[in-house]
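Text of entry_25.cif (mmCIF, C-alpha atoms) as supplied:
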```cif
data_work
#
loop_
_atom_site.label_atom_id
_atom_site.label_comp_id
_atom_site.auth_asym_id
_atom_site.auth_seq_id
_atom_site.Cartn_x
_atom_site.Cartn_y
_atom_site.Cartn_z
CA MET A 1 130.15 -154.61 153.85
CA ASP A 2 132.23 -151.85 152.25
CA TRP A 3 129.30 -149.88 150.86
CA GLU A 4 131.39 -146.70 150.51
CA ARG A 5 133.46 -148.33 147.79
CA VAL A 6 130.27 -149.43 146.02
CA LYS A 7 128.90 -145.88 146.26
CA GLU A 8 132.08 -144.38 144.80
CA ARG A 9 132.00 -146.80 141.88
CA LEU A 10 128.34 -146.01 141.13
CA GLU A 11 128.95 -142.27 141.38
CA ALA A 12 131.76 -142.57 138.84
CA VAL A 13 129.62 -144.61 136.42
CA LEU A 14 126.38 -142.61 136.73
CA GLN A 15 127.92 -139.20 137.34
CA SER A 16 125.43 -138.61 140.17
CA PRO A 17 126.18 -137.76 143.82
CA MET A 18 124.98 -140.36 146.33
CA GLN A 19 124.98 -140.76 150.07
CA ILE A 20 124.67 -143.60 152.54
CA SER A 21 122.54 -143.15 155.63
CA LEU A 22 120.16 -144.89 158.04
CA ILE A 23 116.38 -144.62 158.21
CA PRO A 24 114.05 -146.30 160.74
CA GLU A 25 112.93 -149.75 159.65
CA ALA A 26 109.31 -148.68 160.17
CA ASP A 27 109.76 -145.84 157.66
CA TRP A 28 111.18 -148.22 155.06
CA GLU A 29 108.35 -150.70 155.59
CA HIS A 30 105.79 -147.90 155.25
CA LEU A 31 107.29 -146.71 151.95
CA ALA A 32 107.59 -150.26 150.59
CA GLU A 33 103.98 -151.07 151.48
CA GLU A 34 102.75 -147.74 150.13
CA GLN A 35 104.42 -148.34 146.76
CA ALA A 36 103.68 -152.06 146.51
CA GLU A 37 100.67 -151.37 144.23
CA ASN A 38 102.92 -149.57 141.77
CA LEU A 39 103.41 -152.40 139.31
CA GLU A 40 106.55 -150.87 137.84
CA SER A 41 108.23 -150.48 141.22
CA PHE A 42 111.64 -152.03 141.80
CA SER A 43 112.31 -154.88 144.18
CA ARG A 44 114.98 -153.27 146.38
CA SER A 45 114.27 -149.55 146.15
CA VAL A 46 111.58 -147.03 147.03
CA VAL A 47 110.92 -143.38 146.24
CA ARG A 48 110.82 -140.78 149.01
CA GLY A 49 110.13 -137.23 147.92
CA GLN A 50 112.62 -136.41 145.17
CA ASP A 51 114.99 -139.26 146.03
CA VAL A 52 115.32 -142.98 145.36
CA LEU A 53 116.38 -145.07 148.37
CA PHE A 54 118.16 -148.39 147.78
CA TYR A 55 118.09 -151.10 150.46
CA LEU A 56 121.60 -152.11 151.52
CA SER A 57 121.26 -153.86 154.86
CA LYS A 58 119.40 -154.04 158.16
CA GLU A 59 121.11 -152.45 161.15
CA HIS A 60 119.22 -153.35 164.32
CA LYS A 61 115.98 -151.34 163.98
CA ASP A 62 117.26 -149.23 161.09
CA ILE A 63 117.78 -149.79 157.39
CA ARG A 64 121.03 -148.71 155.76
CA ILE A 65 120.17 -147.09 152.43
CA LEU A 66 121.90 -145.59 149.43
CA GLN A 67 120.21 -142.33 148.47
CA VAL A 68 120.25 -140.57 145.09
CA SER A 69 118.11 -137.91 143.42
CA GLU A 70 115.32 -139.50 141.36
CA ALA A 71 115.68 -136.79 138.71
CA LYS A 72 119.25 -137.94 138.02
CA LEU A 73 118.33 -141.59 137.39
CA THR A 74 116.71 -143.20 134.38
CA SER A 75 114.74 -146.43 134.81
CA SER A 76 117.67 -148.46 133.45
CA GLU A 77 120.15 -146.73 135.76
CA ARG A 78 117.93 -147.43 138.75
CA LYS A 79 117.88 -151.11 137.86
CA LEU A 80 121.66 -151.04 137.40
CA VAL A 81 122.10 -149.74 140.96
CA GLU A 82 119.89 -152.54 142.26
CA LEU A 83 121.86 -155.16 140.35
CA THR A 84 125.15 -153.76 141.63
CA VAL A 85 123.91 -153.97 145.21
CA GLU A 86 122.68 -157.53 144.60
CA SER A 87 126.04 -158.54 143.11
CA LYS A 88 127.87 -157.10 146.12
CA MET A 89 125.67 -159.05 148.52
CA THR A 90 126.20 -162.27 146.56
CA LEU A 91 129.99 -161.78 146.63
CA GLU A 92 129.95 -161.19 150.38
CA LYS A 93 127.90 -164.33 150.93
CA LYS A 94 130.49 -166.34 149.03
CA GLN A 95 133.26 -164.95 151.18
CA TRP A 96 131.31 -165.81 154.33
CA GLY A 97 130.77 -169.39 153.13
CA VAL A 98 127.02 -169.16 153.55
CA PHE A 99 126.18 -171.84 150.97
CA LEU A 100 124.93 -174.87 152.81
CA SER A 101 124.70 -177.35 149.96
CA GLU A 102 126.15 -178.17 146.57
CA ASP A 103 122.78 -177.42 144.93
CA GLU A 104 122.68 -173.94 146.44
CA ARG A 105 126.28 -173.25 145.41
CA LYS A 106 125.45 -174.16 141.80
CA ALA A 107 122.27 -172.07 141.94
CA HIS A 108 124.19 -169.00 143.05
CA GLN A 109 126.78 -169.51 140.33
CA LEU A 110 123.94 -169.42 137.81
CA ARG A 111 122.51 -166.33 139.51
CA ASP A 112 125.89 -164.56 139.33
CA TRP A 113 126.11 -165.26 135.60
CA LEU A 114 122.56 -163.99 135.05
CA LEU A 115 123.29 -160.77 136.98
CA GLN A 116 126.36 -160.21 134.83
CA GLN A 117 124.26 -160.51 131.67
CA MET A 118 121.80 -157.96 133.10
CA GLU A 119 124.60 -155.49 133.82
CA ARG A 120 125.90 -155.90 130.27
CA GLY A 121 122.44 -155.46 128.77
CA SER A 122 122.69 -158.83 127.05
CA THR A 123 119.43 -160.57 126.14
CA HIS A 124 120.38 -163.68 124.14
CA ALA A 125 123.54 -164.96 125.83
CA GLU A 126 123.99 -168.73 125.98
CA LEU A 127 125.10 -170.39 129.19
CA PRO A 128 128.78 -171.39 129.39
CA ASP A 129 129.20 -175.15 129.03
CA ALA A 130 130.61 -175.47 132.53
CA LEU A 131 127.48 -173.99 134.11
CA ALA A 132 125.05 -175.81 131.82
CA SER A 133 126.62 -179.22 132.36
CA GLN A 134 126.99 -179.04 136.15
CA SER A 135 123.29 -178.15 136.55
CA SER A 136 121.92 -180.47 133.83
CA LEU A 137 120.56 -177.59 131.76
CA TYR A 138 120.90 -179.24 128.34
CA SER A 139 117.62 -181.12 128.74
CA THR A 140 114.24 -179.47 128.17
CA LYS A 141 112.65 -177.91 131.27
CA ILE A 142 109.38 -176.22 132.17
CA PRO A 143 110.21 -172.66 133.30
CA LEU A 144 108.23 -170.98 136.08
CA LEU A 145 109.00 -167.64 137.70
CA LEU A 146 107.92 -167.21 141.32
CA TYR A 147 107.62 -163.80 142.95
CA GLY A 148 106.85 -163.79 146.68
CA ASP A 149 104.88 -160.83 148.00
CA TYR A 150 106.43 -161.16 151.43
CA SER A 151 108.05 -158.51 153.63
CA GLN A 152 111.28 -156.98 152.33
CA ASN A 153 113.16 -158.19 155.41
CA GLN A 154 111.66 -161.67 155.57
CA ARG A 155 114.23 -164.36 154.82
CA VAL A 156 113.22 -167.41 152.78
CA SER A 157 115.34 -170.54 153.06
CA TYR A 158 116.58 -171.92 149.73
CA ALA A 159 116.71 -175.45 151.11
CA GLU A 160 113.18 -175.30 152.55
CA LEU A 161 111.65 -173.87 149.38
CA LYS A 162 113.42 -176.43 147.18
CA LYS A 163 112.23 -179.27 149.41
CA LEU A 164 108.67 -177.96 149.28
CA LEU A 165 108.74 -177.67 145.48
CA GLU A 166 110.19 -181.14 144.96
CA SER A 167 107.53 -182.55 147.27
CA PHE A 168 104.85 -180.93 145.09
CA PHE A 169 106.35 -181.96 141.73
CA GLU A 170 107.38 -185.40 143.08
CA SER A 171 110.57 -184.89 141.11
CA GLU A 172 113.91 -183.12 141.29
CA ILE A 173 113.81 -179.50 140.15
CA ILE A 174 116.35 -176.72 139.64
CA LEU A 175 115.78 -173.64 141.79
CA ILE A 176 117.65 -170.40 141.09
CA PRO A 177 117.31 -167.33 143.34
CA LEU A 178 117.26 -164.17 141.24
CA LEU A 179 116.52 -160.69 142.57
CA ASP A 180 115.00 -160.30 146.02
CA LYS A 181 111.73 -162.26 146.33
CA GLU A 182 112.22 -163.73 142.86
CA TRP A 183 112.90 -167.42 142.13
CA LEU A 184 113.27 -169.29 138.86
CA ILE A 185 111.96 -172.87 138.89
CA LEU A 186 113.00 -175.32 136.17
CA ALA A 187 110.81 -178.42 136.34
CA PRO A 188 111.29 -181.62 134.28
CA GLU A 189 109.49 -181.81 130.94
CA GLY A 190 108.19 -185.26 131.93
CA LEU A 191 105.51 -183.55 134.05
CA LEU A 192 103.65 -182.86 130.80
CA THR A 193 103.09 -186.56 130.21
CA SER A 194 102.91 -187.92 133.75
CA GLY A 195 99.46 -189.24 134.52
CA SER A 196 98.63 -189.72 130.83
CA GLU A 197 97.76 -193.35 131.53
CA GLU A 198 94.99 -192.28 133.89
CA ARG A 199 93.63 -189.91 131.26
CA GLU A 200 93.61 -192.57 128.54
CA GLY A 201 90.23 -192.65 126.82
CA ASP A 202 89.48 -189.06 127.78
CA GLU A 203 89.94 -186.11 125.47
CA GLU A 204 93.64 -185.34 125.24
CA GLU A 205 94.72 -182.21 127.11
CA SER A 206 96.75 -179.57 125.33
CA VAL A 207 100.16 -178.44 126.60
CA GLU A 208 98.57 -175.14 127.65
CA GLN A 209 95.89 -176.91 129.70
CA ILE A 210 98.45 -179.10 131.46
CA LEU A 211 100.70 -176.14 132.27
CA ASP A 212 97.68 -174.15 133.49
CA ALA A 213 96.66 -177.00 135.81
CA LEU A 214 100.24 -177.39 137.01
CA GLY A 215 100.51 -173.68 137.79
CA SER A 216 97.16 -173.59 139.56
CA GLY A 217 98.09 -176.49 141.81
CA LEU A 218 101.51 -175.02 142.57
CA TYR A 219 100.08 -171.60 143.40
CA GLU A 220 97.50 -173.08 145.76
CA MET A 221 100.18 -175.08 147.56
CA LEU A 222 102.55 -172.12 147.86
CA ALA A 223 99.82 -169.74 149.04
CA ASN A 224 98.84 -172.18 151.81
CA GLU A 225 102.18 -173.65 152.85
CA TRP A 226 104.84 -171.08 151.95
CA VAL A 227 104.85 -167.42 152.97
CA GLY A 228 101.45 -166.36 151.70
CA GLU A 229 100.61 -164.37 148.60
CA CYS A 230 102.78 -164.86 145.51
CA HIS A 231 102.71 -164.48 141.74
CA LEU A 232 103.57 -167.24 139.29
CA ALA A 233 104.43 -166.95 135.59
CA ILE A 234 104.64 -169.97 133.30
CA ASP A 235 105.98 -170.43 129.77
CA TYR A 236 106.39 -173.25 127.29
CA PRO A 237 109.23 -175.78 127.84
CA VAL A 238 112.69 -174.55 126.85
CA LYS A 239 116.30 -175.72 126.72
CA PRO A 240 117.92 -173.57 129.45
CA SER A 241 121.44 -173.97 128.04
CA LYS A 242 120.35 -172.00 124.96
CA SER A 243 117.79 -169.51 126.26
CA LEU A 244 117.85 -169.26 130.06
CA PHE A 245 118.29 -165.49 130.26
CA ALA A 246 115.81 -164.72 127.46
CA THR A 247 113.27 -166.99 129.18
CA ILE A 248 113.61 -165.09 132.45
CA LEU A 249 112.99 -161.80 130.65
CA LYS A 250 109.84 -163.23 129.06
CA LEU A 251 108.58 -164.55 132.40
CA ARG A 252 109.18 -161.18 134.08
CA GLU A 253 107.26 -159.48 131.30
CA THR A 254 104.44 -162.01 131.78
CA ILE A 255 104.11 -161.16 135.49
CA MET A 256 104.22 -157.45 134.74
CA LEU A 257 101.48 -157.72 132.10
CA GLY A 258 99.33 -159.99 134.26
CA ARG A 259 99.57 -157.70 137.29
CA SER A 260 98.93 -154.60 135.15
CA PHE A 261 95.91 -155.80 133.20
CA HIS A 262 94.41 -158.38 135.56
CA VAL A 263 94.61 -157.14 139.13
CA GLY A 264 93.62 -159.92 141.50
CA SER A 265 95.10 -162.67 139.33
CA PHE A 266 98.14 -164.49 140.64
CA ILE A 267 98.81 -167.07 137.91
CA HIS A 268 100.07 -165.52 134.68
CA LEU A 269 100.27 -167.57 131.48
CA ARG A 270 102.27 -166.06 128.63
CA TRP A 271 100.04 -167.43 125.86
CA GLU A 272 96.99 -165.77 127.44
CA LEU A 273 98.56 -162.29 127.48
CA ARG A 274 99.38 -161.75 123.81
CA LEU A 275 96.76 -159.02 123.38
CA GLU A 276 97.86 -157.33 126.60
CA LYS A 277 101.46 -157.32 125.35
CA LEU A 278 100.44 -155.46 122.20
CA LEU A 279 98.37 -152.94 124.15
CA HIS A 280 101.21 -152.30 126.60
CA LEU A 281 103.39 -151.10 123.71
CA ILE A 282 100.92 -148.39 122.67
CA ASP A 283 101.72 -144.80 123.60
CA GLU A 284 99.78 -143.48 126.61
CA GLU A 285 98.21 -140.64 124.60
CA GLU A 286 96.99 -143.08 121.97
CA LYS A 287 95.47 -145.29 124.68
CA ALA A 288 93.58 -142.31 126.09
CA GLU A 289 92.44 -141.24 122.62
CA PHE A 290 91.16 -144.73 121.83
CA LEU A 291 89.20 -144.86 125.10
CA GLU A 292 87.67 -141.47 124.42
CA GLN A 293 86.60 -142.52 120.93
CA VAL A 294 85.07 -145.81 122.06
CA LEU A 295 83.47 -144.77 125.33
CA ARG A 296 82.80 -141.18 124.23
CA GLY A 297 83.22 -139.77 127.70
CA ILE A 298 80.58 -142.01 129.26
CA ASP A 299 82.93 -144.37 131.06
CA HIS A 300 80.71 -143.98 134.13
CA VAL A 301 78.65 -146.84 132.69
CA LEU A 302 81.52 -149.20 133.53
CA ASP A 303 80.43 -149.92 137.08
CA ALA A 304 81.60 -153.11 138.82
CA GLU A 305 78.55 -155.15 137.77
CA THR A 306 78.85 -154.13 134.14
CA VAL A 307 82.59 -154.83 134.00
CA ILE A 308 82.17 -158.29 135.55
CA THR A 309 79.29 -159.09 133.19
CA LEU A 310 81.25 -158.05 130.10
CA GLU A 311 84.42 -159.85 131.16
CA HIS A 312 82.57 -163.12 131.68
CA PHE A 313 80.71 -162.60 128.39
CA PHE A 314 84.01 -162.25 126.49
CA THR A 315 85.72 -165.10 128.38
CA LEU A 316 82.86 -167.40 127.36
CA ASP A 317 83.08 -166.42 123.68
CA CYS A 318 80.02 -164.13 123.84
CA ASN A 319 77.76 -167.07 124.64
CA VAL A 320 74.65 -165.67 126.34
CA SER A 321 73.45 -168.93 127.93
CA GLU A 322 76.86 -169.92 129.32
CA THR A 323 77.49 -166.41 130.66
CA ALA A 324 74.13 -166.35 132.45
CA LYS A 325 74.96 -169.70 134.07
CA LYS A 326 78.40 -168.49 135.13
CA LEU A 327 76.92 -165.36 136.71
CA TYR A 328 74.03 -167.29 138.30
CA ILE A 329 71.46 -164.98 136.68
CA HIS A 330 68.51 -165.52 134.37
CA ARG A 331 69.21 -165.32 130.65
CA ASN A 332 66.79 -162.39 130.35
CA THR A 333 68.65 -160.54 133.10
CA LEU A 334 71.86 -160.83 131.12
CA LEU A 335 70.14 -159.65 127.94
CA TYR A 336 68.73 -156.68 129.86
CA ARG A 337 72.26 -155.72 131.02
CA LEU A 338 73.65 -156.01 127.48
CA ASP A 339 70.77 -153.96 126.04
CA LYS A 340 71.26 -151.32 128.74
CA PHE A 341 74.95 -151.09 127.86
CA LYS A 342 74.05 -150.79 124.16
CA ASN A 343 71.56 -147.98 124.84
CA GLU A 344 74.06 -146.02 126.94
CA THR A 345 77.12 -146.47 124.70
CA GLY A 346 75.79 -147.36 121.26
CA LEU A 347 77.91 -150.53 121.39
CA ASP A 348 76.26 -153.93 120.94
CA VAL A 349 78.73 -156.50 122.24
CA ARG A 350 76.74 -159.28 120.58
CA THR A 351 78.23 -158.14 117.26
CA PHE A 352 81.85 -159.00 116.46
CA ASN A 353 83.20 -155.51 115.71
CA HIS A 354 81.65 -153.91 118.80
CA ALA A 355 82.75 -156.83 120.98
CA VAL A 356 86.36 -156.33 119.85
CA LEU A 357 86.22 -152.59 120.56
CA VAL A 358 84.75 -153.04 124.03
CA ARG A 359 87.16 -155.86 124.88
CA LEU A 360 90.11 -153.59 124.05
CA ALA A 361 88.54 -150.65 125.86
CA LEU A 362 88.03 -152.72 129.02
CA LEU A 363 91.66 -153.78 129.13
CA LEU A 364 92.92 -150.24 128.60
CA TYR A 365 90.37 -148.70 130.95
CA LYS A 366 91.54 -150.75 133.91
CA VAL A 367 95.18 -149.74 133.35
CA THR A 368 94.64 -146.04 132.63
CA LYS A 369 92.11 -145.65 135.45
CA ARG A 370 94.63 -146.99 137.97
CA LYS A 371 97.28 -144.57 136.75
#
```
If you convert what's in this file into structure tokens, what do you get?
Amino acid sequence: MDWERVKERLEAVLQSPMQISLIPEADWEHLAEEQAENLESFSRSVVRGQDVLFYLSKEHKDIRILQVSEAKLTSSERKLVELTVESKMTLEKKQWGVFLSEDERKAHQLRDWLLQQMERGSTHAELPDALASQSSLYSTKIPLLLYGDYSQNQRVSYAELKKLLESFFESEIILIPLLDKEWLILAPEGLLTSGSEEREGDEEESVEQILDALGSGLYEMLANEWVGECHLAIDYPVKPSKSLFATILKLRETIMLGRSFHVGSFIHLRWELRLEKLLHLIDEEEKAEFLEQVLRGIDHVLDAETVITLEHFFTLDCNVSETAKKLYIHRNTLLYRLDKFKNETGLDVRTFNHAVLVRLALLLYKVTKRK
């Protein structure tokens, strides 16, 4: 690939000097693994010292990288460099005739259009009729965003993943590769009603419950039969021809919020993260001030047992009996823990106002503590 020409174009646009060099593959893997916990990290770049390194290609046991000073790049500019590199790779693949099937060719055409919208900063662009019609994107679909936590250099076959997904859904799906490790799945809306005959007579499930069950089953299958750990975001059904790009942005935000506020969770449902979305928008200083006012400098009381107890208590609508059952403890043991928390903080989570304050404080505490 002619990376020098790409570098010159980026230097002209960003007004920042760059250089192309090689680093040992082991060094890249170490940096990528070290920064994997940084939830705002980028998919094809890492930070080393005062520089950002962008992954270009693998050269035997080395990685060819594009290097630029971190101080000279904003977050948006860093993403722009990544998208430019991705676009270059996609173009080269076309020239090499890598596409093995008509489905994959259509999927990459959709990906190219999406990357163009990202570069332009567009958020509400509608798909051109030619793309929407050839991929049957006028009908309503269930959108799912899959992010695979596999090695940067591990290659995932489009055909194999699509076959695995269609086997799970027992239906044709649309699979679109996005950025590295990121896949958009568009499943048929009919999955929401399939099996309704068997459920006849039972209490009707909500759309959210069906989507939750669908996501849980898909995650379990992927974790066991694909390449290991992954994250899955799910949203309400949409018409891709009208809102494909906006839907992807929402799904990405859902994964980011889920990973930020609920470490250890791998299925992220947009409708369950509304509060987290609001909290994410609050200024960092205001978050810290709120925590100080609520916890009054005694955040040491939030040990693992207390946090787990409170989280289950809130999840079960502050129901003492149900929480005790969930935790496999005696009801009096739970009351003792809640009373102890009240004595140490002055906050009684059995009252509505205090429960709201502590619920917010717990969400913010986990994020600010990690930072």
Could you work out how far atom CA of Asn319 of chain A lies from atom CA of Arg350 of chain A, giving the answer in Å with one decimal?
-> 8.8 Å
By how many Å are atom CA of Asn332 of chain A and atom CA of Thr309 of chain A apart?
-> 13.2 Å
Mind pulling up the distance from atom CA of Ile329 of chain A to atom CA of Phe352 of chain A?
->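 These atoms are spaced 23.5 Å apart.
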Point out the residue among A:Gly121, A:Lys88, A:Ser16, A:Ala130 with the least atom-to-atom distance to Ala71 of chain A, counting only C-alpha atoms.
->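 For Ala71 of chain A, the nearest of the candidates is A:Ser16.
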Residues returned when the PyMOL selection byres ((chain A and resi 158) around 12) runs on this file, as a ChimeraX atom specification = /A:98-105,107-108,155-157,159-165,174-178,181-185,226
Using only C-alpha atoms, please write the residues we just selected to a file, as a PDB file, keeping the file's coordinate frame.
```pdb
ATOM      1  CA  VAL A  98     127.020-169.160 153.550  1.00  0.00           C
ATOM      2  CA  PHE A  99     126.180-171.840 150.970  1.00  0.00           C
ATOM      3  CA  LEU A 100     124.930-174.870 152.810  1.00  0.00           C
ATOM      4  CA  SER A 101     124.700-177.350 149.960  1.00  0.00           C
ATOM      5  CA  GLU A 102     126.150-178.170 146.570  1.00  0.00           C
ATOM      6  CA  ASP A 103     122.780-177.420 144.930  1.00  0.00           C
ATOM      7  CA  GLU A 104     122.680-173.940 146.440  1.00  0.00           C
ATOM      8  CA  ARG A 105     126.280-173.250 145.410  1.00  0.00           C
ATOM      9  CA  ALA A 107     122.270-172.070 141.940  1.00  0.00           C
ATOM     10  CA  HIS A 108     124.190-169.000 143.050  1.00  0.00           C
ATOM     11  CA  ARG A 155     114.230-164.360 154.820  1.00  0.00           C
ATOM     12  CA  VAL A 156     113.220-167.410 152.780  1.00  0.00           C
ATOM     13  CA  SER A 157     115.340-170.540 153.060  1.00  0.00           C
ATOM     14  CA  ALA A 159     116.710-175.450 151.110  1.00  0.00           C
ATOM     15  CA  GLU A 160     113.180-175.300 152.550  1.00  0.00           C
ATOM     16  CA  LEU A 161     111.650-173.870 149.380  1.00  0.00           C
ATOM     17  CA  LYS A 162     113.420-176.430 147.180  1.00  0.00           C
ATOM     18  CA  LYS A 163     112.230-179.270 149.410  1.00  0.00           C
ATOM     19  CA  LEU A 164     108.670-177.960 149.280  1.00  0.00           C
ATOM     20  CA  LEU A 165     108.740-177.670 145.480  1.00  0.00           C
ATOM     21  CA  ILE A 174     116.350-176.720 139.640  1.00  0.00           C
ATOM     22  CA  LEU A 175     115.780-173.640 141.790  1.00  0.00           C
ATOM     23  CA  ILE A 176     117.650-170.400 141.090  1.00  0.00           C
ATOM     24  CA  PRO A 177     117.310-167.330 143.340  1.00  0.00           C
ATOM     25  CA  LEU A 178     117.260-164.170 141.240  1.00  0.00           C
ATOM     26  CA  LYS A 181     111.730-162.260 146.330  1.00  0.00           C
ATOM     27  CA  GLU A 182     112.220-163.730 142.860  1.00  0.00           C
ATOM     28  CA  TRP A 183     112.900-167.420 142.130  1.00  0.00           C
ATOM     29  CA  LEU A 184     113.270-169.290 138.860  1.00  0.00           C
ATOM     30  CA  ILE A 185     111.960-172.870 138.890  1.00  0.00           C
ATOM     31  CA  TRP A 226     104.840-171.080 151.950  1.00  0.00           C
TER      32      TRP A 226
END
```
Using only C-alpha atoms, pick whichever of A:Cys230, A:Ile23, A:Leu31, A:Val349 has the shortest atom-to-atom distance to Gly264 of chain A.
->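 Among the listed residues, the smallest separation from Gly264 of chain A belongs to A:Cys230.
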Find the residues near Phe290 of chain A: any atom within 10 Å, counting all atoms listed in the file, skip ones fewer than 6 places away on the same chain, and give them as a list in words.
-> Glu284, Arg296, Leu357, Leu360, Ala361, Leu364 and Tyr365 of chain A
